[in-house]
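Data from run.cif: mmCIF, C-alpha atoms
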```cif
data_structure
#
loop_
_atom_site.label_atom_id
_atom_site.label_comp_id
_atom_site.auth_asym_id
_atom_site.auth_seq_id
_atom_site.Cartn_x
_atom_site.Cartn_y
_atom_site.Cartn_z
CA MET Q 1 6.74 -1.23 5.74
CA LYS Q 2 9.25 -3.30 3.78
CA ILE Q 3 10.18 -3.05 0.10
CA SER Q 4 11.65 -6.01 -1.76
CA GLY Q 5 14.17 -3.84 -3.65
CA ARG Q 6 17.48 -4.80 -2.03
CA ASN Q 7 19.38 -1.57 -2.58
CA LYS Q 8 18.39 1.51 -0.58
CA ILE Q 9 20.99 4.27 -0.51
CA LYS Q 10 20.39 7.56 1.34
CA GLY Q 11 21.82 10.82 0.07
CA LYS Q 12 21.38 14.53 -0.41
CA VAL Q 13 19.98 15.83 -3.69
CA VAL Q 14 22.73 17.76 -5.46
CA ASN Q 15 21.19 18.17 -8.90
CA VAL Q 16 17.83 18.00 -10.67
CA ILE Q 17 17.42 18.36 -14.45
CA ASN Q 18 13.78 18.59 -15.52
CA GLY Q 19 12.66 17.46 -18.95
CA ILE Q 20 9.09 17.26 -20.23
CA VAL Q 21 8.39 13.64 -19.35
CA THR Q 22 11.46 12.65 -17.32
CA SER Q 23 13.79 14.25 -14.82
CA GLU Q 24 17.34 13.39 -13.81
CA VAL Q 25 17.96 13.44 -10.07
CA GLU Q 26 21.41 13.09 -8.56
CA ILE Q 27 22.17 12.41 -4.89
CA ASP Q 28 25.43 12.49 -2.95
CA ALA Q 29 25.56 9.42 -0.73
CA GLY Q 30 28.89 10.41 0.83
CA ASN Q 31 32.27 8.67 0.57
CA GLY Q 32 32.53 9.75 -3.06
CA ILE Q 33 29.41 7.83 -4.07
CA ARG Q 34 26.84 9.60 -6.25
CA ILE Q 35 23.66 8.00 -7.54
CA VAL Q 36 21.87 9.30 -10.64
CA GLY Q 37 18.32 8.29 -11.38
CA VAL Q 38 15.84 9.13 -14.12
CA ILE Q 39 12.24 9.26 -12.89
CA THR Q 40 9.13 10.89 -14.31
CA LYS Q 41 8.79 14.70 -14.07
CA SER Q 42 5.41 14.08 -12.42
CA SER Q 43 7.11 12.20 -9.59
CA VAL Q 44 9.60 15.02 -9.03
CA ASP Q 45 6.67 17.45 -8.80
CA ASP Q 46 4.50 15.15 -6.69
CA MET Q 47 7.34 14.37 -4.28
CA ASN Q 48 8.52 18.00 -4.37
CA ILE Q 49 12.14 16.88 -4.83
CA ASN Q 50 14.57 19.79 -4.56
CA VAL Q 51 18.32 20.24 -4.20
CA GLY Q 52 19.25 19.79 -0.53
CA ASP Q 53 16.56 17.20 0.23
CA GLU Q 54 17.52 13.94 1.95
CA ILE Q 55 16.08 11.10 -0.17
CA THR Q 56 16.78 7.38 -0.72
CA ALA Q 57 17.67 5.71 -4.01
CA LEU Q 58 15.83 2.40 -4.45
CA ILE Q 59 17.35 -0.10 -6.89
CA LYS Q 60 16.16 -3.63 -7.65
CA ALA Q 61 18.93 -6.27 -7.44
CA SER Q 62 18.03 -7.53 -10.91
CA SER Q 63 18.99 -4.12 -12.33
CA VAL Q 64 22.58 -4.34 -11.11
CA MET Q 65 25.41 -5.52 -13.38
CA PHE Q 66 29.02 -6.00 -12.26
CA ILE Q 67 32.34 -5.11 -13.86
CA LYS Q 68 35.57 -6.89 -12.94
CA ASP Q 69 38.91 -5.53 -14.14
CA MET E 1 36.35 2.96 -22.69
CA LYS E 2 33.19 4.67 -21.47
CA ILE E 3 29.86 3.08 -20.48
CA SER E 4 26.64 5.08 -20.58
CA GLY E 5 25.36 3.61 -17.32
CA ARG E 6 25.63 6.53 -14.90
CA ASN E 7 26.13 4.62 -11.64
CA LYS E 8 29.43 2.83 -11.08
CA ILE E 9 30.11 1.86 -7.46
CA LYS E 10 33.27 0.01 -6.44
CA GLY E 11 33.24 -2.46 -3.59
CA LYS E 12 34.54 -5.72 -2.16
CA VAL E 13 32.53 -8.89 -2.71
CA VAL E 14 31.20 -10.03 0.66
CA ASN E 15 28.73 -12.69 -0.42
CA VAL E 16 27.84 -14.86 -3.42
CA ILE E 17 24.79 -17.13 -3.54
CA ASN E 18 24.75 -19.38 -6.60
CA GLY E 19 21.50 -20.65 -8.06
CA ILE E 20 21.08 -22.67 -11.26
CA VAL E 21 20.45 -19.78 -13.64
CA THR E 22 21.12 -16.74 -11.46
CA SER E 23 23.50 -15.74 -8.70
CA GLU E 24 23.22 -13.07 -6.02
CA VAL E 25 26.37 -11.03 -5.52
CA GLU E 26 26.79 -8.53 -2.68
CA ILE E 27 29.54 -5.93 -2.42
CA ASP E 28 30.55 -3.66 0.44
CA ALA E 29 31.14 -0.18 -0.97
CA GLY E 30 32.18 1.26 2.39
CA ASN E 31 30.47 3.92 4.52
CA GLY E 32 27.69 1.45 5.34
CA ILE E 33 26.69 1.08 1.69
CA ARG E 34 26.10 -2.42 0.33
CA ILE E 35 24.98 -3.21 -3.19
CA VAL E 36 23.23 -6.46 -4.08
CA GLY E 37 22.93 -7.58 -7.66
CA VAL E 38 21.44 -10.62 -9.38
CA ILE E 39 23.36 -11.67 -12.48
CA THR E 40 23.51 -14.95 -14.40
CA LYS E 41 25.42 -17.85 -12.85
CA SER E 42 27.34 -18.06 -16.16
CA SER E 43 28.63 -14.53 -15.61
CA VAL E 44 29.79 -15.34 -12.09
CA ASP E 45 31.69 -18.32 -13.47
CA ASP E 46 33.03 -16.51 -16.53
CA MET E 47 34.18 -13.51 -14.46
CA ASN E 48 35.40 -15.81 -11.67
CA ILE E 49 33.72 -13.63 -9.04
CA ASN E 50 34.67 -14.64 -5.51
CA VAL E 51 34.36 -13.21 -2.02
CA GLY E 52 37.15 -10.70 -1.49
CA ASP E 53 37.30 -9.52 -5.10
CA GLU E 54 37.18 -5.79 -5.88
CA ILE E 55 34.43 -5.28 -8.47
CA THR E 56 32.20 -2.42 -9.63
CA ALA E 57 28.40 -2.34 -9.61
CA LEU E 58 26.99 -0.84 -12.82
CA ILE E 59 23.46 0.55 -12.65
CA LYS E 60 21.51 2.36 -15.40
CA ALA E 61 19.95 5.67 -14.25
CA SER E 62 16.58 4.57 -15.58
CA SER E 63 16.59 1.69 -13.07
CA VAL E 64 16.77 4.00 -10.05
CA MET E 65 13.66 5.02 -8.10
CA PHE E 66 13.64 7.50 -5.19
CA ILE E 67 11.90 7.48 -1.81
CA LYS E 68 11.21 10.67 0.12
CA ASP E 69 10.02 10.50 3.73
CA MET T 1 6.65 8.53 2.59
CA LYS T 2 6.48 8.76 -1.20
CA ILE T 3 8.08 6.48 -3.80
CA SER T 4 8.75 7.71 -7.33
CA GLY T 5 7.65 4.43 -8.92
CA ARG T 6 4.34 5.35 -10.57
CA ASN T 7 2.60 1.97 -10.46
CA LYS T 8 1.44 0.65 -7.09
CA ILE T 9 -1.09 -2.17 -7.28
CA LYS T 10 -2.48 -3.84 -4.14
CA GLY T 11 -3.42 -7.49 -4.13
CA LYS T 12 -3.56 -10.75 -2.23
CA VAL T 13 -0.69 -13.23 -2.59
CA VAL T 14 -2.01 -16.30 -4.39
CA ASN T 15 1.21 -18.10 -5.20
CA VAL T 16 4.90 -18.16 -4.19
CA ILE T 17 7.51 -20.30 -5.94
CA ASN T 18 10.86 -20.29 -4.15
CA GLY T 19 14.09 -20.88 -6.01
CA ILE T 20 17.62 -20.64 -4.59
CA VAL T 21 18.31 -17.01 -5.48
CA THR T 22 14.94 -15.79 -6.76
CA SER T 23 11.29 -16.32 -5.94
CA GLU T 24 8.18 -15.82 -8.06
CA VAL T 25 5.33 -14.07 -6.25
CA GLU T 26 1.86 -13.72 -7.74
CA ILE T 27 -0.88 -11.43 -6.42
CA ASP T 28 -4.56 -11.17 -7.31
CA ALA T 29 -5.44 -7.50 -7.67
CA GLY T 30 -9.11 -8.21 -8.39
CA ASN T 31 -11.11 -7.56 -11.55
CA GLY T 32 -9.23 -10.38 -13.29
CA ILE T 33 -5.88 -8.65 -12.88
CA ARG T 34 -2.94 -10.73 -11.61
CA ILE T 35 0.59 -9.40 -11.16
CA VAL T 36 3.62 -11.70 -11.18
CA GLY T 37 6.95 -10.51 -9.85
CA VAL T 38 10.37 -12.10 -9.47
CA ILE T 39 12.25 -10.86 -6.41
CA THR T 40 15.14 -12.31 -4.42
CA LYS T 41 14.47 -15.27 -2.13
CA SER T 42 16.09 -13.24 0.66
CA SER T 43 13.40 -10.59 0.26
CA VAL T 44 10.62 -13.17 0.46
CA ASP T 45 12.15 -14.47 3.69
CA ASP T 46 12.91 -11.04 5.13
CA MET T 47 9.40 -9.72 4.33
CA ASN T 48 7.86 -13.04 5.37
CA ILE T 49 5.67 -13.10 2.24
CA ASN T 50 3.08 -15.86 2.34
CA VAL T 51 -0.04 -16.84 0.41
CA GLY T 52 -2.95 -14.77 1.72
CA ASP T 53 -0.91 -11.68 2.55
CA GLU T 54 -2.03 -8.27 1.28
CA ILE T 55 0.96 -6.69 -0.48
CA THR T 56 1.54 -4.02 -3.14
CA ALA T 57 3.29 -4.46 -6.48
CA LEU T 58 5.63 -1.55 -7.25
CA ILE T 59 6.55 -1.02 -10.92
CA LYS T 60 8.63 1.79 -12.41
CA ALA T 61 6.98 3.54 -15.39
CA SER T 62 10.10 3.00 -17.48
CA SER T 63 9.59 -0.77 -17.17
CA VAL T 64 6.18 -0.69 -18.84
CA MET T 65 5.73 -1.46 -22.57
CA PHE T 66 2.42 -1.20 -24.45
CA ILE T 67 0.77 -3.44 -27.02
CA LYS T 68 -1.85 -2.12 -29.45
CA ASP T 69 -3.89 -4.57 -31.55
CA MET H 1 1.70 -15.50 -30.60
CA LYS H 2 2.95 -15.67 -27.01
CA ILE H 3 5.14 -13.17 -25.12
CA SER H 4 7.21 -14.23 -22.13
CA GLY H 5 6.39 -11.06 -20.17
CA ARG H 6 4.07 -12.34 -17.44
CA ASN H 7 2.04 -9.20 -16.84
CA LYS H 8 -0.43 -8.06 -19.52
CA ILE H 9 -3.01 -5.55 -18.33
CA LYS H 10 -5.65 -4.11 -20.68
CA GLY H 11 -6.94 -0.59 -20.27
CA LYS H 12 -8.14 2.60 -21.92
CA VAL H 13 -5.63 5.37 -22.59
CA VAL H 14 -6.55 8.31 -20.36
CA ASN H 15 -3.47 10.48 -20.76
CA VAL H 16 -0.48 10.94 -23.06
CA ILE H 17 2.36 13.40 -22.36
CA ASN H 18 4.77 13.74 -25.26
CA GLY H 19 8.38 14.73 -24.71
CA ILE H 20 11.12 14.88 -27.34
CA VAL H 21 12.51 11.36 -26.85
CA THR H 22 10.02 9.79 -24.44
CA SER H 23 6.28 9.88 -23.83
CA GLU H 24 4.26 9.07 -20.73
CA VAL H 25 1.16 6.98 -21.40
CA GLU H 26 -1.44 6.26 -18.73
CA ILE H 27 -4.19 3.64 -19.01
CA ASP H 28 -7.22 2.99 -16.81
CA ALA H 29 -7.50 -0.74 -16.23
CA GLY H 30 -10.70 -0.43 -14.19
CA ASN H 31 -11.29 -1.22 -10.53
CA GLY H 32 -9.23 1.84 -9.55
CA ILE H 33 -6.10 0.47 -11.22
CA ARG H 34 -4.09 2.83 -13.43
CA ILE H 35 -0.85 1.90 -15.19
CA VAL H 36 1.68 4.53 -16.24
CA GLY H 37 4.40 3.69 -18.73
CA VAL H 38 7.22 5.66 -20.32
CA ILE H 39 7.96 4.58 -23.88
CA THR H 40 9.72 6.31 -26.76
CA LYS H 41 7.92 9.14 -28.56
CA SER H 42 8.62 7.23 -31.80
CA SER H 43 6.59 4.29 -30.50
CA VAL H 44 3.66 6.52 -29.59
CA ASP H 45 3.73 7.93 -33.13
CA ASP H 46 4.29 4.59 -34.82
CA MET H 47 1.51 2.90 -32.82
CA ASN H 48 -0.70 6.00 -33.14
CA ILE H 49 -1.56 5.86 -29.43
CA ASN H 50 -4.29 8.32 -28.51
CA VAL H 51 -6.57 8.97 -25.54
CA GLY H 52 -9.51 6.57 -25.72
CA ASP H 53 -7.57 3.70 -27.33
CA GLU H 54 -7.76 0.21 -25.80
CA ILE H 55 -4.16 -0.97 -25.30
CA THR H 56 -2.33 -3.51 -23.10
CA ALA H 57 0.47 -2.79 -20.64
CA LEU H 58 3.25 -5.41 -20.86
CA ILE H 59 5.50 -5.75 -17.81
CA LYS H 60 8.31 -8.27 -17.25
CA ALA H 61 8.07 -10.12 -13.90
CA SER H 62 11.66 -9.18 -13.10
CA SER H 63 10.65 -5.50 -13.13
CA VAL H 64 8.14 -5.94 -10.31
CA MET H 65 9.02 -5.15 -6.68
CA PHE H 66 6.69 -5.73 -3.71
CA ILE H 67 5.87 -3.65 -0.65
CA LYS H 68 4.50 -5.20 2.55
CA ASP H 69 3.12 -2.97 5.29
CA MET K 1 -0.48 -5.89 -33.36
CA LYS K 2 2.29 -3.49 -32.41
CA ILE K 3 4.54 -3.55 -29.32
CA SER K 4 6.26 -0.40 -28.09
CA GLY K 5 9.51 -2.22 -27.30
CA ARG K 6 11.87 -0.94 -30.00
CA ASN K 7 14.20 -3.94 -30.27
CA LYS K 8 12.89 -7.14 -31.83
CA ILE K 9 15.57 -9.60 -32.91
CA LYS K 10 14.71 -12.95 -34.48
CA GLY K 11 16.86 -15.98 -33.91
CA LYS K 12 17.06 -19.72 -33.39
CA VAL K 13 17.12 -21.10 -29.85
CA VAL K 14 20.53 -22.66 -29.27
CA ASN K 15 20.44 -23.18 -25.52
CA VAL K 16 17.97 -23.36 -22.63
CA ILE K 17 19.04 -23.67 -18.98
CA ASN K 18 16.10 -24.28 -16.64
CA GLY K 19 16.22 -23.22 -13.01
CA ILE K 20 13.38 -23.41 -10.49
CA VAL K 21 11.99 -19.90 -10.99
CA THR K 22 13.97 -18.63 -13.97
CA SER K 23 15.36 -20.00 -17.21
CA GLU K 24 18.16 -18.76 -19.43
CA VAL K 25 17.36 -18.83 -23.15
CA GLU K 26 19.96 -18.11 -25.81
CA ILE K 27 19.21 -17.44 -29.48
CA ASP K 28 21.50 -17.20 -32.49
CA ALA K 29 20.45 -14.18 -34.54
CA GLY K 30 23.06 -14.79 -37.22
CA ASN K 31 26.07 -12.68 -38.21
CA GLY K 32 27.78 -13.64 -34.95
CA ILE K 33 25.06 -12.07 -32.83
CA ARG K 34 23.70 -14.08 -29.88
CA ILE K 35 21.06 -12.83 -27.47
CA VAL K 36 20.71 -14.25 -23.96
CA GLY K 37 17.59 -13.64 -21.95
CA VAL K 38 16.41 -14.70 -18.49
CA ILE K 39 12.66 -15.26 -18.30
CA THR K 40 10.50 -17.21 -15.87
CA LYS K 41 10.55 -21.02 -16.04
CA SER K 42 6.73 -20.83 -16.31
CA SER K 43 7.06 -18.84 -19.52
CA VAL K 44 9.44 -21.37 -21.04
CA ASP K 45 6.94 -24.12 -20.23
CA ASP K 46 3.89 -22.14 -21.32
CA MET K 47 5.53 -21.09 -24.61
CA ASN K 48 7.09 -24.55 -25.03
CA ILE K 49 10.45 -23.02 -25.92
CA ASN K 50 12.93 -25.63 -27.13
CA VAL K 51 16.29 -25.67 -28.86
CA GLY K 52 15.74 -25.18 -32.60
CA ASP K 53 12.69 -22.94 -32.25
CA GLU K 54 12.57 -19.63 -34.12
CA ILE K 55 11.68 -16.94 -31.57
CA THR K 56 12.12 -13.17 -31.24
CA ALA K 57 13.98 -11.31 -28.48
CA LEU K 58 12.05 -8.23 -27.31
CA ILE K 59 14.08 -5.53 -25.56
CA LYS K 60 12.86 -2.12 -24.32
CA ALA K 61 15.03 0.81 -25.50
CA SER K 62 15.33 2.03 -21.91
CA SER K 63 17.13 -1.22 -21.02
CA VAL K 64 19.96 -0.62 -23.48
CA MET K 65 23.28 0.92 -22.41
CA PHE K 66 26.14 1.79 -24.77
CA ILE K 67 29.90 1.32 -24.55
CA LYS K 68 32.34 3.46 -26.54
CA ASP K 69 36.00 2.49 -26.71
CA MET A 1 37.80 -6.05 -17.99
CA LYS A 2 34.62 -8.12 -17.98
CA ILE A 3 31.00 -6.95 -17.64
CA SER A 4 28.30 -9.30 -16.40
CA GLY A 5 25.75 -8.04 -18.93
CA ARG A 6 25.42 -10.98 -21.33
CA ASN A 7 24.48 -9.10 -24.51
CA LYS A 8 27.09 -6.95 -26.21
CA ILE A 9 26.27 -6.01 -29.79
CA LYS A 10 28.58 -3.82 -31.86
CA GLY A 11 27.24 -1.43 -34.47
CA LYS A 12 27.53 1.93 -36.19
CA VAL A 13 25.52 4.85 -34.87
CA VAL A 14 22.92 5.76 -37.50
CA ASN A 15 20.72 8.13 -35.49
CA VAL A 16 20.77 10.25 -32.35
CA ILE A 17 17.74 12.17 -31.06
CA ASN A 18 18.58 14.48 -28.16
CA GLY A 19 15.98 15.41 -25.58
CA ILE A 20 16.56 17.43 -22.40
CA VAL A 21 17.18 14.53 -20.02
CA THR A 22 17.33 11.54 -22.36
CA SER A 23 18.61 10.75 -25.83
CA GLU A 24 17.67 8.01 -28.27
CA VAL A 25 20.64 6.33 -29.95
CA GLU A 26 20.24 3.84 -32.79
CA ILE A 27 22.99 1.56 -34.09
CA ASP A 28 23.12 -0.65 -37.19
CA ALA A 29 24.58 -4.00 -36.17
CA GLY A 30 24.46 -5.39 -39.71
CA ASN A 31 22.40 -8.26 -41.10
CA GLY A 32 19.26 -6.15 -40.78
CA ILE A 33 19.62 -5.82 -37.02
CA ARG A 34 19.18 -2.37 -35.45
CA ILE A 35 19.38 -1.64 -31.74
CA VAL A 36 17.72 1.40 -30.20
CA GLY A 37 18.65 2.58 -26.74
CA VAL A 38 17.55 5.44 -24.54
CA ILE A 39 20.35 6.79 -22.34
CA THR A 40 20.83 10.09 -20.55
CA LYS A 41 21.69 13.17 -22.61
CA SER A 42 24.66 13.67 -20.26
CA SER A 43 26.05 10.29 -21.32
CA VAL A 44 25.72 11.15 -25.00
CA ASP A 45 27.65 14.37 -24.36
CA ASP A 46 30.22 12.79 -22.05
CA MET A 47 30.86 9.89 -24.47
CA ASN A 48 30.68 12.26 -27.46
CA ILE A 49 28.41 9.84 -29.34
CA ASN A 50 27.86 10.87 -32.94
CA VAL A 51 26.44 9.34 -36.11
CA GLY A 52 29.13 7.14 -37.68
CA ASP A 53 30.73 6.07 -34.41
CA GLU A 54 31.33 2.38 -33.72
CA ILE A 55 29.83 1.62 -30.31
CA THR A 56 28.51 -1.46 -28.46
CA ALA A 57 25.01 -1.98 -27.08
CA LEU A 58 25.08 -3.57 -23.61
CA ILE A 59 21.90 -5.34 -22.48
CA LYS A 60 21.35 -7.30 -19.26
CA ALA A 61 19.87 -10.79 -19.82
CA SER A 62 17.10 -10.04 -17.31
CA SER A 63 15.86 -7.24 -19.58
CA VAL A 64 15.19 -9.59 -22.50
CA MET A 65 11.71 -11.01 -23.19
CA PHE A 66 10.90 -13.51 -25.92
CA ILE A 67 8.04 -13.78 -28.41
CA LYS A 68 7.05 -17.06 -30.03
CA ASP A 69 4.60 -17.10 -32.96
#
```

File written out as structure tokens:
Amino acid sequence: MKISGRNKIKGKVVNVINGIVTSEVEIDAGNGIRIVGVITKSSVDDMNINVGDEITALIKASSVMFIKD
Amino acid sequence: MKISGRNKIKGKVVNVINGIVTSEVEIDAGNGIRIVGVITKSSVDDMNINVGDEITALIKASSVMFIKD
Amino acid sequence: MKISGRNKIKGKVVNVINGIVTSEVEIDAGNGIRIVGVITKSSVDDMNINVGDEITALIKASSVMFIKD
Amino acid sequence: MKISGRNKIKGKVVNVINGIVTSEVEIDAGNGIRIVGVITKSSVDDMNINVGDEITALIKASSVMFIKD
Amino acid sequence: MKISGRNKIKGKVVNVINGIVTSEVEIDAGNGIRIVGVITKSSVDDMNINVGDEITALIKASSVMFIKD
Amino acid sequence: MKISGRNKIKGKVVNVINGIVTSEVEIDAGNGIRIVGVITKSSVDDMNINVGDEITALIKASSVMFIKD
């Protein structure tokens, strides 16, 4: 199975904040890199996402901006 | 200066593909992590983004999905 | 494997327009429903997406707006 | 009136979950296709979206990823 | 007709750059505010968008980040 | 410092609605233009965003749709 989203970053769930409709999920991808995502609460429940799980952040290339100092 | 986007990942530009309206920019963030973004060609020109530059990928939390095996 | 994106719509590829950086892919999901996506040209090549293929559109809930007449 | 978003999918509202800032709205587009969107609670109130309403999901092509098995 | 996207900004088209798949459209909303959008080339053709037209930028609230100095 | 996001609109914060995970922030950019964004509650706290602050909305060009009457 292949997904067109170009950015797939593995990490360990270090934090989950559940709201009513959305949840914030944070993963530690190592090397000082953390990824925070906001997904629906239903997905967190359906996927049974908990702190300590190994999951993959999926990010479409068109969602990425760049900053140059 | 603070930006609300929760994901800021530094890396070295390893590839730039220029189209007419958009450009694909890829950075190496180390530890096997690469980030690919599609921004406007005008931004690549205006920011003078070239291979070898140190830049930062900026990604809104609401753009991040998760995959769990 | 589960993906947090809430909208997964299967369909047959009916059109592909390749640009330099991006490609437009259109699928027919039946019942008069067509889905058009713009992904990177690299993904079209890597996934070898061609007219006639059965693929699935993946859309994050936070990307969906609604119109009410 | 024309909107540049390439994906417009009609359906009947089958579920609304209201949070404080956001609301999840689900429509049944027929043929087994459901679309879930997260919009602001203010929009749900302003548009008076209720279960049973006929509304249209609007999705930008650049928000669509594809999966190929 | 109501659209859930919270940001609707009217302006005059001041520039259109056409690529193969995407086009960049810029509007002048007055008061020094310009909005640049990237939509599909097909939409520009279908909507017959030309310099001088009065059109409205539509932006979902979840796509907006904030910067504070 | 330069950011690739093409739309940067300054304004005064006129409203903040805090949820559990997300917050809605509205700015008045003058000339009748208001911008509403949904960011994470953590960002509102971290950036100490309050009514009356001068902040800048940052919007990627690929997030902008257009409507033509």

Could you tell me which residues the PyMOL selection byres ((chain H) within 10 of (chain T)) returns for this structure, as a VMD selection string?
-> chain H and resid 5 to 10 22 24 to 27 29 to 40 43 to 44 47 to 49 53 to 69

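Picture a line from atom CA of A:Asp28 to atom CA of H:Lys41; it runs 20.0 Å.
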
d(atom CA of H:Val21, atom CA of Q:Val21) in Å | 8.9 Å

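If you look at atom CA of T:Val51 and atom CA of T:Lys12, they are 7.5 Å away from each other.
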
From the structure just shown, export stretch 23-30 of chain H with all heavy atoms as an mmCIF file, in the first residue's frame.
```cif
data_model
loop_
_atom_site.group_PDB
_atom_site.id
_atom_site.type_symbol
_atom_site.label_atom_id
_atom_site.label_comp_id
_atom_site.auth_asym_id
_atom_site.auth_seq_id
_atom_site.Cartn_x
_atom_site.Cartn_y
_atom_site.Cartn_z
ATOM 1 N N SER H 23 -16.964 21.823 15.540
ATOM 2 C CA SER H 23 -18.032 20.821 15.480
ATOM 3 C C SER H 23 -17.710 19.836 14.374
ATOM 4 O O SER H 23 -17.128 20.219 13.353
ATOM 5 C CB SER H 23 -19.373 21.492 15.166
ATOM 6 O OG SER H 23 -19.770 22.365 16.208
ATOM 7 N N GLU H 24 -18.069 18.574 14.621
ATOM 8 C CA GLU H 24 -17.910 17.535 13.595
ATOM 9 C C GLU H 24 -19.260 17.336 12.934
ATOM 10 O O GLU H 24 -20.275 17.140 13.617
ATOM 11 C CB GLU H 24 -17.435 16.238 14.247
ATOM 12 C CG GLU H 24 -17.223 15.101 13.264
ATOM 13 C CD GLU H 24 -16.640 13.860 13.926
ATOM 14 O OE1 GLU H 24 -15.572 13.949 14.547
ATOM 15 O OE2 GLU H 24 -17.297 12.799 13.854
ATOM 16 N N VAL H 25 -19.284 17.397 11.621
ATOM 17 C CA VAL H 25 -20.521 17.216 10.857
ATOM 18 C C VAL H 25 -20.307 16.070 9.879
ATOM 19 O O VAL H 25 -19.288 16.033 9.173
ATOM 20 C CB VAL H 25 -20.884 18.499 10.067
ATOM 21 C CG1 VAL H 25 -22.120 18.264 9.192
ATOM 22 C CG2 VAL H 25 -21.105 19.671 11.020
ATOM 23 N N GLU H 26 -21.230 15.122 9.873
ATOM 24 C CA GLU H 26 -21.119 13.978 8.970
ATOM 25 C C GLU H 26 -22.312 13.955 8.021
ATOM 26 O O GLU H 26 -23.457 14.130 8.459
ATOM 27 C CB GLU H 26 -21.062 12.669 9.764
ATOM 28 C CG GLU H 26 -20.882 11.428 8.885
ATOM 29 C CD GLU H 26 -20.642 10.161 9.694
ATOM 30 O OE1 GLU H 26 -20.782 10.209 10.941
ATOM 31 O OE2 GLU H 26 -20.333 9.122 9.082
ATOM 32 N N ILE H 27 -22.052 13.756 6.740
ATOM 33 C CA ILE H 27 -23.151 13.653 5.766
ATOM 34 C C ILE H 27 -23.092 12.290 5.077
ATOM 35 O O ILE H 27 -22.018 11.687 4.951
ATOM 36 C CB ILE H 27 -23.095 14.772 4.701
ATOM 37 C CG1 ILE H 27 -21.849 14.694 3.823
ATOM 38 C CG2 ILE H 27 -23.228 16.140 5.340
ATOM 39 C CD1 ILE H 27 -21.872 15.643 2.637
ATOM 40 N N ASP H 28 -24.256 11.812 4.675
ATOM 41 C CA ASP H 28 -24.378 10.579 3.908
ATOM 42 C C ASP H 28 -24.616 10.981 2.458
ATOM 43 O O ASP H 28 -25.652 11.586 2.148
ATOM 44 C CB ASP H 28 -25.551 9.749 4.453
ATOM 45 C CG ASP H 28 -25.695 8.405 3.734
ATOM 46 O OD1 ASP H 28 -25.140 8.284 2.609
ATOM 47 O OD2 ASP H 28 -26.343 7.512 4.276
ATOM 48 N N ALA H 29 -23.641 10.664 1.620
ATOM 49 C CA ALA H 29 -23.724 11.074 0.211
ATOM 50 C C ALA H 29 -24.289 9.958 -0.669
ATOM 51 O O ALA H 29 -24.304 10.063 -1.896
ATOM 52 C CB ALA H 29 -22.333 11.473 -0.288
ATOM 53 N N GLY H 30 -24.753 8.873 -0.001
ATOM 54 C CA GLY H 30 -25.319 7.763 -0.770
ATOM 55 C C GLY H 30 -24.221 6.844 -1.284
ATOM 56 O O GLY H 30 -23.027 7.169 -1.226
#
```
